[in-house]
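Chemist: So that you have it, the file is entry-v8.cif, and it contains mmCIF, C-alpha atoms and all ligand atoms:
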data_final
#
loop_
_atom_site.label_atom_id
_atom_site.label_comp_id
_atom_site.auth_asym_id
_atom_site.auth_seq_id
_atom_site.Cartn_x
_atom_site.Cartn_y
_atom_site.Cartn_z
CA MET A 1 92.30 102.92 111.09
CA ASN A 2 88.97 102.79 109.22
CA GLY A 3 88.42 101.29 105.78
CA SER A 4 89.99 102.80 102.71
CA ARG A 5 86.74 104.51 101.67
CA GLU A 6 86.72 106.78 104.72
CA ALA A 7 90.49 107.25 104.52
CA LEU A 8 90.44 108.22 100.82
CA PHE A 9 87.57 110.61 101.42
CA ALA A 10 89.16 112.26 104.46
CA PHE A 11 92.53 112.51 102.70
CA ALA A 12 91.27 115.03 100.16
CA GLN A 13 89.85 117.18 102.95
CA ALA A 14 93.23 117.10 104.71
CA ILE A 15 95.25 117.81 101.55
CA ILE A 16 93.28 120.38 99.56
CA ASP A 17 94.37 123.88 100.46
CA PRO A 18 91.32 126.14 99.97
CA ARG A 19 93.54 129.24 100.08
CA LYS A 20 95.00 128.34 96.69
CA PRO A 21 92.72 129.48 93.85
CA ASP A 22 90.56 127.03 91.87
CA PRO A 23 91.86 123.73 93.29
CA VAL A 24 91.65 120.66 91.05
CA VAL A 25 91.52 116.97 91.97
CA VAL A 26 92.30 114.57 89.14
CA GLY A 27 91.04 110.99 89.09
CA PRO A 28 90.58 108.04 86.77
CA ASN A 29 87.52 107.58 84.56
CA PRO A 30 85.67 105.21 85.11
CA PHE A 31 86.25 105.40 88.84
CA TYR A 32 85.31 104.57 92.38
CA GLN A 33 82.77 107.25 93.31
CA ILE A 34 84.46 108.36 96.52
CA TYR A 35 87.22 110.24 94.64
CA GLU A 36 84.74 112.58 93.04
CA GLY A 37 82.74 113.10 96.24
CA ALA A 38 85.96 113.85 98.11
CA ALA A 39 86.95 116.45 95.51
CA LEU A 40 83.54 118.13 95.61
CA LEU A 41 83.41 118.27 99.40
CA GLY A 42 86.91 119.76 99.33
CA ARG A 43 85.53 122.47 96.99
CA ALA A 44 87.84 121.35 94.24
CA THR A 45 86.91 120.79 90.63
CA PRO A 46 87.23 117.15 89.59
CA HIS A 47 88.99 116.37 86.31
CA TYR A 48 89.05 112.95 84.72
CA LEU A 49 91.65 110.85 82.91
CA ASN A 50 90.00 108.29 80.66
CA SER A 51 90.85 104.57 80.87
CA LEU A 52 90.04 103.09 77.48
CA PRO A 53 90.56 99.58 76.08
CA HIS A 54 92.64 100.66 73.05
CA ASN A 55 95.36 101.78 75.49
CA ARG A 56 94.98 98.78 77.83
CA TYR A 57 93.16 101.22 80.16
CA ALA A 58 96.32 103.23 80.85
CA ALA A 59 95.73 106.91 81.60
CA ASN A 60 97.04 109.41 79.08
CA LEU A 61 98.44 112.19 81.27
CA ARG A 62 98.68 114.52 78.28
CA GLU A 63 94.89 114.47 78.01
CA LEU A 64 94.76 117.32 80.53
CA PRO A 65 96.23 120.73 79.66
CA ASP A 66 99.01 122.44 81.57
CA ALA A 67 96.49 124.94 82.99
CA VAL A 68 94.67 122.09 84.78
CA TRP A 69 97.85 120.43 86.07
CA ARG A 70 99.00 123.77 87.50
CA ARG A 71 95.86 123.92 89.68
CA THR A 72 96.00 120.23 90.61
CA GLN A 73 96.57 119.57 94.30
CA LEU A 74 95.73 115.88 94.42
CA ILE A 75 95.41 112.94 92.05
CA TYR A 76 93.72 109.63 92.83
CA THR A 77 95.03 106.52 91.11
CA CYS A 78 93.48 103.08 91.36
CA SER A 79 95.71 100.13 90.49
CA PRO A 80 94.52 97.41 90.13
CA GLY A 81 91.62 99.43 88.84
CA ASN A 82 87.95 99.34 89.67
CA PRO A 83 86.24 98.48 87.31
CA THR A 84 88.86 97.64 84.64
CA GLY A 85 91.32 95.64 86.75
CA ALA A 86 94.17 97.37 84.92
CA VAL A 87 97.54 97.54 86.68
CA MET A 88 99.82 100.56 86.26
CA SER A 89 103.30 99.81 84.86
CA LEU A 90 106.59 101.20 86.13
CA ALA A 91 106.70 103.53 83.10
CA GLU A 92 103.26 104.91 84.02
CA TRP A 93 104.36 105.51 87.62
CA LYS A 94 107.52 107.21 86.40
CA ALA A 95 105.54 109.59 84.20
CA LEU A 96 103.16 110.37 87.06
CA PHE A 97 105.97 110.97 89.58
CA GLU A 98 107.65 113.33 87.11
CA LEU A 99 104.42 115.26 86.73
CA SER A 100 104.01 115.42 90.51
CA ASP A 101 107.57 116.79 90.78
CA GLN A 102 106.79 119.36 88.13
CA TYR A 103 103.47 120.60 89.54
CA GLY A 104 103.73 119.68 93.23
CA PHE A 105 100.51 117.66 93.56
CA VAL A 106 100.03 114.76 95.97
CA ILE A 107 99.32 111.23 94.71
CA ALA A 108 96.73 109.13 96.58
CA SER A 109 97.24 105.58 95.35
CA ASP A 110 94.20 103.41 96.04
CA GLU A 111 95.49 99.82 96.15
CA CYS A 112 92.61 98.01 97.81
CA TYR A 113 92.72 95.27 95.11
CA SER A 114 96.49 94.75 95.36
CA GLU A 115 96.13 91.24 96.76
CA ILE A 116 93.62 89.95 94.20
CA TYR A 117 95.75 88.70 91.28
CA PHE A 118 96.07 85.54 89.27
CA GLU A 119 99.59 84.18 89.52
CA GLU A 120 100.98 83.35 92.95
CA GLY A 121 104.33 85.06 93.48
CA LYS A 122 103.56 87.73 90.87
CA PRO A 123 101.67 90.49 92.68
CA PRO A 124 100.86 93.69 90.79
CA LEU A 125 103.37 96.52 91.03
CA GLY A 126 102.38 98.95 93.80
CA ALA A 127 103.21 102.64 94.04
CA LEU A 128 105.62 102.26 96.96
CA ASP A 129 107.57 99.60 95.11
CA ALA A 130 107.57 101.72 91.95
CA ALA A 131 108.88 104.69 93.97
CA ARG A 132 111.61 102.53 95.50
CA GLN A 133 112.62 101.13 92.12
CA LEU A 134 112.87 104.68 90.81
CA GLY A 135 115.06 105.80 93.71
CA ARG A 136 112.34 107.80 95.47
CA ASP A 137 112.93 106.34 98.91
CA GLY A 138 111.16 109.15 100.76
CA CYS A 139 107.98 108.58 98.70
CA GLU A 140 107.67 112.34 98.22
CA ARG A 141 104.04 113.41 97.79
CA LEU A 142 102.89 109.79 97.64
CA VAL A 143 100.44 108.04 99.99
CA VAL A 144 99.12 104.51 99.45
CA PHE A 145 95.76 103.24 100.75
CA SER A 146 95.15 99.58 101.45
CA SER A 147 92.28 97.60 102.88
CA LEU A 148 91.30 94.32 104.42
CA SER A 149 87.98 94.33 102.60
CA LYS A 150 89.03 92.58 99.40
CA ARG A 151 91.94 90.41 100.50
CA SER A 152 89.91 88.89 103.33
CA ASN A 153 86.35 89.47 102.06
CA VAL A 154 85.47 91.51 105.16
CA PRO A 155 84.26 94.94 103.99
CA GLY A 156 82.16 95.22 107.14
CA MET A 157 85.24 95.42 109.35
CA ARG A 158 86.31 98.82 107.95
CA SER A 159 89.98 98.01 108.43
CA GLY A 160 92.78 99.50 106.33
CA PHE A 161 96.11 101.26 106.45
CA VAL A 162 97.97 104.13 104.80
CA ALA A 163 101.69 104.35 104.07
CA GLY A 164 104.00 106.74 102.25
CA ASP A 165 105.38 110.27 102.61
CA ALA A 166 106.04 110.71 106.34
CA ALA A 167 105.47 114.48 106.36
CA ILE A 168 102.06 114.12 104.71
CA LEU A 169 101.09 111.27 107.02
CA LYS A 170 101.92 113.43 110.03
CA LYS A 171 99.51 116.12 108.84
CA TYR A 172 96.93 113.50 107.96
CA LEU A 173 97.17 111.94 111.41
CA LEU A 174 96.49 115.33 112.97
CA TYR A 175 93.48 115.78 110.69
CA ARG A 176 92.18 112.36 111.69
CA THR A 177 92.43 113.07 115.41
CA TYR A 178 89.78 115.73 114.79
CA HIS A 179 87.67 113.84 112.30
CA GLY A 180 88.16 110.07 112.58
CA CYS A 181 86.50 107.62 114.92
CA ALA A 182 88.34 104.70 116.48
CA MET A 183 87.62 101.08 115.69
CA SER A 184 86.13 99.03 118.53
CA GLY A 185 88.51 96.72 120.39
CA PRO A 186 86.93 93.44 119.20
CA VAL A 187 87.08 94.58 115.55
CA GLN A 188 90.70 95.64 115.99
CA ALA A 189 91.53 92.24 117.40
CA ALA A 190 89.71 90.37 114.61
CA SER A 191 91.27 92.49 111.89
CA THR A 192 94.76 92.04 113.40
CA THR A 193 94.25 88.29 113.03
CA ALA A 194 93.10 88.67 109.42
CA TRP A 195 96.04 90.95 108.52
CA GLY A 196 98.41 88.42 110.10
CA ASP A 197 97.22 85.40 108.15
CA GLU A 198 98.12 84.85 104.49
CA GLN A 199 96.67 81.38 104.00
CA HIS A 200 93.07 82.55 103.62
CA VAL A 201 94.21 85.25 101.18
CA ILE A 202 95.97 82.65 99.00
CA GLU A 203 92.81 80.53 99.07
CA ASN A 204 90.71 83.61 98.20
CA ARG A 205 92.95 84.25 95.17
CA ARG A 206 92.64 80.61 94.11
CA LEU A 207 88.86 80.90 94.26
CA TYR A 208 88.88 84.07 92.14
CA ARG A 209 91.06 82.33 89.56
CA GLU A 210 88.59 79.45 89.46
CA LYS A 211 85.64 81.85 89.12
CA PHE A 212 87.32 83.73 86.25
CA ASP A 213 88.20 80.46 84.47
CA VAL A 214 84.64 79.20 84.72
CA ALA A 215 82.97 82.52 83.89
CA LEU A 216 85.22 83.24 80.90
CA SER A 217 84.77 79.80 79.40
CA ILE A 218 80.99 80.18 79.63
CA LEU A 219 80.85 83.81 78.41
CA ARG A 220 83.41 83.83 75.61
CA PRO A 221 81.26 82.25 72.91
CA ALA A 222 78.68 85.01 73.45
CA CYS A 223 80.70 88.16 74.13
CA ASP A 224 84.15 89.71 74.26
CA ALA A 225 85.02 88.77 77.85
CA THR A 226 88.68 89.20 78.79
CA LEU A 227 90.72 88.38 81.86
CA PRO A 228 91.74 91.64 83.58
CA ASP A 229 95.28 92.24 84.91
CA ALA A 230 93.95 91.78 88.46
CA ALA A 231 90.98 92.47 90.83
CA PHE A 232 87.63 90.67 90.65
CA TYR A 233 85.59 92.37 87.92
CA LEU A 234 84.67 91.61 84.36
CA TRP A 235 84.23 94.80 82.33
CA LEU A 236 81.96 93.54 79.58
CA PRO A 237 80.98 95.38 76.39
CA THR A 238 77.22 95.54 75.75
CA PRO A 239 75.57 95.57 72.31
CA ILE A 240 72.72 97.73 73.69
CA SER A 241 72.96 100.63 76.14
CA ASP A 242 74.53 99.59 79.43
CA THR A 243 71.57 100.78 81.49
CA GLU A 244 69.12 98.87 79.30
CA PHE A 245 71.35 95.80 79.41
CA ALA A 246 71.50 95.88 83.23
CA ARG A 247 67.76 96.51 83.56
CA ARG A 248 66.72 93.70 81.21
CA LEU A 249 69.29 91.26 82.59
CA TYR A 250 67.84 91.82 86.03
CA ILE A 251 64.22 91.47 84.87
CA ASP A 252 64.77 88.48 82.57
CA LYS A 253 67.52 86.59 84.41
CA ASN A 254 67.57 87.95 87.95
CA VAL A 255 71.28 88.86 87.72
CA SER A 256 72.53 92.25 88.96
CA VAL A 257 75.38 94.04 87.19
CA LEU A 258 76.38 97.70 87.33
CA PRO A 259 75.91 99.91 84.23
CA GLY A 260 79.32 101.26 83.24
CA SER A 261 78.01 104.77 82.62
CA TYR A 262 77.15 104.99 86.34
CA LEU A 263 80.86 104.60 87.06
CA ALA A 264 82.13 107.22 84.63
CA ARG A 265 81.74 110.80 83.47
CA HIS A 266 81.78 112.35 80.05
CA ALA A 267 85.33 113.66 79.60
CA GLN A 268 87.41 114.63 76.55
CA GLY A 269 84.44 113.80 74.34
CA VAL A 270 83.64 110.29 75.63
CA ASN A 271 82.06 108.47 78.54
CA PRO A 272 84.32 105.40 78.93
CA GLY A 273 81.61 103.54 80.81
CA THR A 274 79.10 103.72 77.96
CA ASN A 275 78.11 100.31 76.63
CA ARG A 276 79.95 98.46 79.37
CA VAL A 277 78.77 96.68 82.49
CA ARG A 278 80.76 95.73 85.56
CA VAL A 279 80.31 92.15 86.73
CA ALA A 280 81.66 91.40 90.22
CA LEU A 281 82.68 87.77 90.77
CA VAL A 282 82.16 88.02 94.50
CA SER A 283 79.72 85.18 95.07
CA ASN A 284 80.79 81.54 95.36
CA VAL A 285 82.02 79.50 92.36
CA GLU A 286 78.67 77.80 91.69
CA GLU A 287 76.68 81.05 91.77
CA CYS A 288 79.23 82.80 89.55
CA ALA A 289 79.00 79.93 87.05
CA GLU A 290 75.19 80.03 87.08
CA SER A 291 75.21 83.83 86.68
CA ALA A 292 77.65 83.55 83.78
CA ARG A 293 75.30 81.05 82.06
CA ARG A 294 72.37 83.44 82.51
CA ILE A 295 74.41 86.40 81.20
CA ARG A 296 75.54 84.30 78.19
CA ASP A 297 71.94 83.27 77.45
CA PHE A 298 70.88 86.89 77.69
CA TYR A 299 73.61 88.01 75.27
CA LEU A 300 72.40 85.39 72.80
CA THR A 301 68.91 86.94 72.77
CA LEU A 302 70.27 90.39 71.75
C1 LIG A 401 88.54 101.17 94.26
C2 LIG A 401 88.04 101.04 95.66
N1 LIG A 401 88.64 101.73 96.61
C3 LIG A 401 88.23 101.65 97.90
C4 LIG A 401 87.16 100.85 98.26
C5 LIG A 401 86.71 100.86 99.67
O1 LIG A 401 87.10 99.75 100.36
P1 LIG A 401 86.98 99.74 101.96
O2 LIG A 401 86.06 98.63 102.27
O3 LIG A 401 88.37 99.54 102.46
O4 LIG A 401 86.43 101.07 102.39
C6 LIG A 401 86.50 100.12 97.28
C7 LIG A 401 85.33 99.29 97.63
O5 LIG A 401 84.59 98.82 96.84
C8 LIG A 401 86.95 100.21 95.94
O6 LIG A 401 86.36 99.53 94.94
#
What does the file become when written as structure tokens?

Modeler:
Amino acid sequence: MNGSREALFAFAQAIIDPRKPDPVVVGPNPFYQIYEGAALLGRATPHYLNSLPHNRYAANLRELPDAVWRRTQLIYTCSPGNPTGAVMSLAEWKALFELSDQYGFVIASDECYSEIYFEEGKPPLGALDAARQLGRDGCERLVVFSSLSKRSNVPGMRSGFVAGDAAILKKYLLYRTYHGCAMSGPVQAASTTAWGDEQHVIENRRLYREKFDVALSILRPACDATLPDAAFYLWLPTPISDTEFARRLYIDKNVSVLPGSYLARHAQGVNPGTNRVRVALVSNVEECAESARRIRDFYLTL
């Protein structure tokens, strides 16, 4: 099928039932923008669960009132998270599954960073595994989205897969026969090869580890840079506004980072992206090291 972006977007359109009054789609905050767009196109109201550092970026499900959960038809989760890298624990999954049982909403678990982690043999817990560990073998109301883009560094291929609740996937497949477009044969063949090979993924992880080691050792004297649970982002605090930080860093040092407030909404009295920037360690080791030096030097001028 296509990449996880298209799949996540289409999923909301397939799941949201417009006949039910005032549908709600819940998602993390900060977040990957597609979740919100998918909710809006599905004529649902988006609601946000904040991911904040004091709670190791774990969502507090009690942040939203019962009245919102009762209207919720779909929730997006992102673990490992973009931009925080935070990984959901078994206890968090348990709490979310219980809420889904109580209110009947579907969980769309975006796991496109599941293969970018730091210790070989210790991958982050995924939703399907959490469901299995909790005795939910049918994965009721749970669908997981994965992608080749990050594990193989090939976002251009638009290759991903979905797995989970068979009844939901059947409906989703029907929806996609109307809406989706097929991948070309050559791209299917190339992506089959990439999915079938683990060696390049192990090497990719090794390179990310090296980039984090280098970047953190350079940045730490100047700012509070921490290793995330997984994924390939640094989520750095900024002593000036995040937009000003990104603008001046680009002008003075020619380094592009994303202002955190662009990735988040004001919810429950805060915007969790304020005074943060997202740094993606996606270039090669040398360029990441050079960028980290420039970011450090910039911090030291503030
Ligand atoms: C959290 C998250 N989900 C999904 C995607 C989309 O990935 P794909 O290339 O599979 O569409 C991205 C891409 O940046 C992402 O950050």

Chemist: Neighbouring residues of ligand LIG 401 (chain A) are defined here as those with any atom at most 8 Å from a ligand atom, counting only C-alpha atoms and all ligand atoms; list them as number ranges by chain.

Modeler: A: 2-8, 31-32, 34, 78, 81-83, 110-113, 146-150, 154-160

Chemist: Expressed in Å to a single decimal, how great is the separation between CA of Val257 in chain A and CA of Val277 in chain A?

Modeler: 6.4 Å

Chemist: Taking 2 positions as the minimum chain separation for residues in the same chain, which residues sit within 6 Å of range 224-237 of chain A when counting only C-alpha atoms? Answer as a PyMOL selection string.

Modeler: chain A and resi 80+84-86+113+116-117+220+275-281

Chemist: One decimal, in Å: what's the spacing between CA of Ala12 in chain A and CA of Tyr35 in chain A?

Modeler: 8.4 Å

Chemist: Take CA of Phe298 in chain A and CA of Arg248 in chain A and report the distance between them in Å, one decimal.

Modeler: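 Calculated distance between CA of Phe298 in chain A and CA of Arg248 in chain A is 8.7 Å.
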
Chemist: When you count all atoms listed in the file, which of these residues is closest to Pro28 in chain A: A:Cys288, A:Ala108, A:Ala44, A:Ala194?

Modeler: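 Counting all atoms listed in the file, the residue closest to Pro28 in chain A is A:Ala108.
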
Chemist: Could N, CA and C atoms be built for range 120-132 of chain A and written out as a compact mmCIF listing (two decimals), in the frame of the given file?

Modeler:
# COMPACT_ATOMS: atom_id res chain seq x y z
N GLU A 120 100.28 83.28 91.66
CA GLU A 120 100.98 83.35 92.95
C GLU A 120 102.43 83.75 92.73
N GLY A 121 102.92 84.63 93.59
CA GLY A 121 104.33 85.06 93.48
C GLY A 121 104.51 86.21 92.51
N LYS A 122 103.43 86.61 91.81
CA LYS A 122 103.56 87.73 90.87
C LYS A 122 102.51 88.80 91.18
N PRO A 123 102.64 89.45 92.34
CA PRO A 123 101.67 90.49 92.68
C PRO A 123 101.83 91.71 91.77
N PRO A 124 100.75 92.48 91.62
CA PRO A 124 100.86 93.69 90.79
C PRO A 124 101.84 94.69 91.41
N LEU A 125 102.46 95.48 90.55
CA LEU A 125 103.37 96.52 91.03
C LEU A 125 102.57 97.56 91.81
N GLY A 126 103.03 97.90 93.01
CA GLY A 126 102.38 98.95 93.80
C GLY A 126 103.18 100.24 93.71
N ALA A 127 102.56 101.33 94.16
CA ALA A 127 103.21 102.64 94.04
C ALA A 127 104.47 102.75 94.90
N LEU A 128 104.44 102.14 96.09
CA LEU A 128 105.62 102.26 96.96
C LEU A 128 106.80 101.53 96.34
N ASP A 129 106.51 100.37 95.76
CA ASP A 129 107.57 99.60 95.11
C ASP A 129 108.09 100.36 93.89
N ALA A 130 107.16 100.94 93.13
CA ALA A 130 107.57 101.72 91.95
C ALA A 130 108.47 102.88 92.39
N ALA A 131 108.08 103.56 93.47
CA ALA A 131 108.88 104.69 93.97
C ALA A 131 110.27 104.20 94.36
N ARG A 132 110.31 103.06 95.06
CA ARG A 132 111.61 102.53 95.50
C ARG A 132 112.47 102.19 94.30
